[in-house]
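Q: Mind looking over this structure? Questions follow.
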Amino acid sequence: MIEELTKSVFIIAEACCNHLGNLDIAKKMVDESVRCGVNAIKFQHHLSDEEMLKDVPHSDNFNEPLYDILQKVNLSLDDHIELKKYCDYKNIMYLCTPFSLKAAYQINDLVSIFKIGSGEFTDLPSLKKIAKLNKPMILSTGMSTMDEIIMVYEELYPINDKLILMNCTSEYPPNYEDINLPFINVLKNRFNCIVGHSDHTPDIYTSIAAVVYGARIIEKHFILDKSIPGPDVDVSLDIKYLKRLVDGIRKVEAAMIPSEKKVYDKEVKIREWARRSIVSISDIKSGEKLTEDNIWSKRPGTGIPSFKMPNILGKTARVDIKKDTLINIEDCE
């Protein structure tokens, strides 16, 4: 499974709660994820009473308590079982974030990888037990200090060495100056694991840039229709932009394949017209010396390359040469 994540950039479409608890909408999100070409679609498994108190504080982007929101938009375990079957049928990886230890145990047979959200990143009592299930764990590091990241890594790695750390900023949506893409390199250099980027911006730019910084996994929220209100609409791409994100990542990824500098096949023909050759810029009589007054560089590049000008200046024309003629080495001595 880890090998699959390293073949190329692994793109996760995060459905979050944008299905609003509707299984048909969730399946439609699977369909669109397949059409966009992502590697996996990720859902969330909430057991509200297992993960929070009813009066837990909530962010400004929620207009009612999070507990109440989740009660309305949560998918049941049976829904997840159905979605797993549907993803298998559609040949796309089903992923799911458990927000409690009980939720993790319930979806254990459904997932090949566990995704842990930033809120649960330091919940070591639960994470250690999940780590013992011996599956790769993608861990988002939003809201975490470097000391906390080191702590979690050092506690989990001896139990499960299949860890994946995601650079993440837990703002919804974030300030761009808070994204800290260079931290991807810090994670790569400090920890023995795959590093990715979980992005909450409302567009595609920082996710594509994260690939340049070396992120091997990109996670991005998406929604079928941004005109439909939902708890994650402000940080979600619509289908058009999810497709653009995938296209952009694949093109950037191709452009990053290392190679020695060379003239590529498609450049050869362009060299013929774009490069400069040594050309007569006036009529030249036989016996006349070649100087900067009668020869210079012009396109095409099919004659003597202009960088060889010092070797031609001072020679004598052996024949009459008309203006705007490529200089031939045999016609001078």
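Chain labels A, B, ... are given in the sequence in which chains occur in the structure tokens; within each chain residues are numbered consecutively from 1, and ligands are likewise numbered from 1 in the order shown.
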May I have the residues within 8 Å of range 62-75 of chain A as a count of residues only, using only C-alpha atoms and disregarding those fewer than 5 positions away in the same chain?
A: 18
Q: For range 240-256 of chain A, please output as a list in words all residues within 6 Å (counting only C-alpha atoms; exclusion window: fewer than 4 positions along the same chain).
A: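 Counting only C-alpha atoms, the residues come to Cys36, Ile204 and Ile208 of chain A.
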Q: What are the DSSP helix (DSSP H, G or I) residues of range 27-237 of chain A, as number ranges by chain?
A: A: 27-36, 48-51, 66-73, 77-90, 101-107, 118-120, 124-131, 146-156, 176-178, 183-190, 205-212, 233-235
Q: Neighbouring residues of Ile11 in chain A were defined as those with any atom within 9 Å, considering only C-alpha atoms; residues of the same chain fewer than 2 positions away were excluded. Please report them as a ChimeraX atom specification.
A: /A:9,13,37-41,216-220,246,249
Q: Determine the nearest neighbour of Asn134 in chain A from the options A:Glu292, A:Asp147, A:Asp161, A:Glu154, counting only C-alpha atoms.
A: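 Residue with the minimum atom-to-atom distance to Asn134 in chain A: A:Asp161.
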Q: Skipping near chain neighbours, those fewer than 6 positions away, what residues fall within 7 Å of Leu139 in chain A using only C-alpha atoms, listed as an MDAnalysis selection string?
A: chainID A and resid 115:117 121 164:166
Q: Glu177 in chain A: which residues within 12 Å, counting only C-alpha atoms, same-chain residues fewer than 5 positions away excluded, as JSON, numbers by chain?
A: {"A": [169, 171, 182, 201, 206]}
Q: Name the residues in contact with Leu110 in chain A at a cut-off of 10 Å, using only C-alpha atoms, excluding same-chain residues fewer than 4 positions from it; report them as a list in words.
A: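 Final neighbour list, sorted by chain and number: His80, Ile81, Leu83, Lys84, Lys85, Tyr94, Leu95, Cys96, Ala104, Tyr105, Gln106 and Phe114 of chain A.
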Q: Write the residues of the preceding selection, restricted to C-alpha atoms, as a CSV table (one decimal), in the first residue's frame.
A:
```csv
chain,number,residue,atom,x,y,z
A,80,HIS,CA,-20.1,3.5,4.8
A,81,ILE,CA,-20.4,-0.2,4.0
A,83,LEU,CA,-20.0,3.4,-0.1
A,84,LYS,CA,-17.1,1.0,0.2
A,85,LYS,CA,-18.8,-1.4,-2.1
A,94,TYR,CA,-12.5,4.4,-0.4
A,95,LEU,CA,-10.9,6.2,2.6
A,96,CYS,CA,-12.5,7.3,5.8
A,104,ALA,CA,-11.9,3.4,13.9
A,105,TYR,CA,-12.7,-0.1,15.0
A,106,GLN,CA,-16.0,0.0,13.1
A,114,PHE,CA,-6.4,5.3,8.3
```
Q: Identify which of the residues A:Gly119, A:Gly230, A:Pro305, A:Gly142 lies closest to Asp178 in chain A, counting only C-alpha atoms when measuring atom-to-atom distances.
A: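 With only C-alpha atoms as the atom set, the closest residue is A:Gly142.
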Q: Residues within 9 Å of range 123-128 of chain A, please, as an MDAnalysis selection string. Count only C-alpha atoms; anything in the same chain fewer than 2 positions from it doesn't count.
A: chainID A and resid 100:101 116 119:121 130:132 152 155:156 159:160
Q: Of the candidates A:Asp109, A:Asp232, A:Asp293, A:Glu272, which one gets nearest to Ala15 in chain A if we count only C-alpha atoms?
A: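 For Ala15 in chain A, the nearest of the given residues is A:Asp232.
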Q: Just list the residues in range 218-290 of chain A DSSP gives strand (DSSP E) on the backbone, as a list in words.
A: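 In range 218-290 of chain A, DSSP puts these residues in strand (DSSP E): Ile218, Glu219, Lys220, His221, Ser277, Ile278, Val279 and Ser280 of chain A.
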Q: Just give me the gap between CA of Trp296 in chain A and CA of Thr325 in chain A in Å, one decimal is fine.
A: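 Between these atoms lies a distance of 10.6 Å.
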Q: Which of these residues is nearest to Cys16 in chain A, using only C-alpha atoms: A:Val263, A:Val268, A:Ile281, A:Val235?
A: A:Val235
Q: From the options A:Thr302, A:Asn167, A:Asn175, A:Ser227, which residue's atoms come nearest to Asn18 in chain A, counting only C-alpha atoms?
A: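 Closest to Asn18 in chain A, using only C-alpha atoms: A:Ser227.
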Q: Between A:Glu51, A:Lys129, A:Asn192, A:Ala209, which one has atoms that come closest to Tyr153 in chain A, using only C-alpha atoms?
A: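 For Tyr153 in chain A, the nearest of the candidates is A:Asn192.
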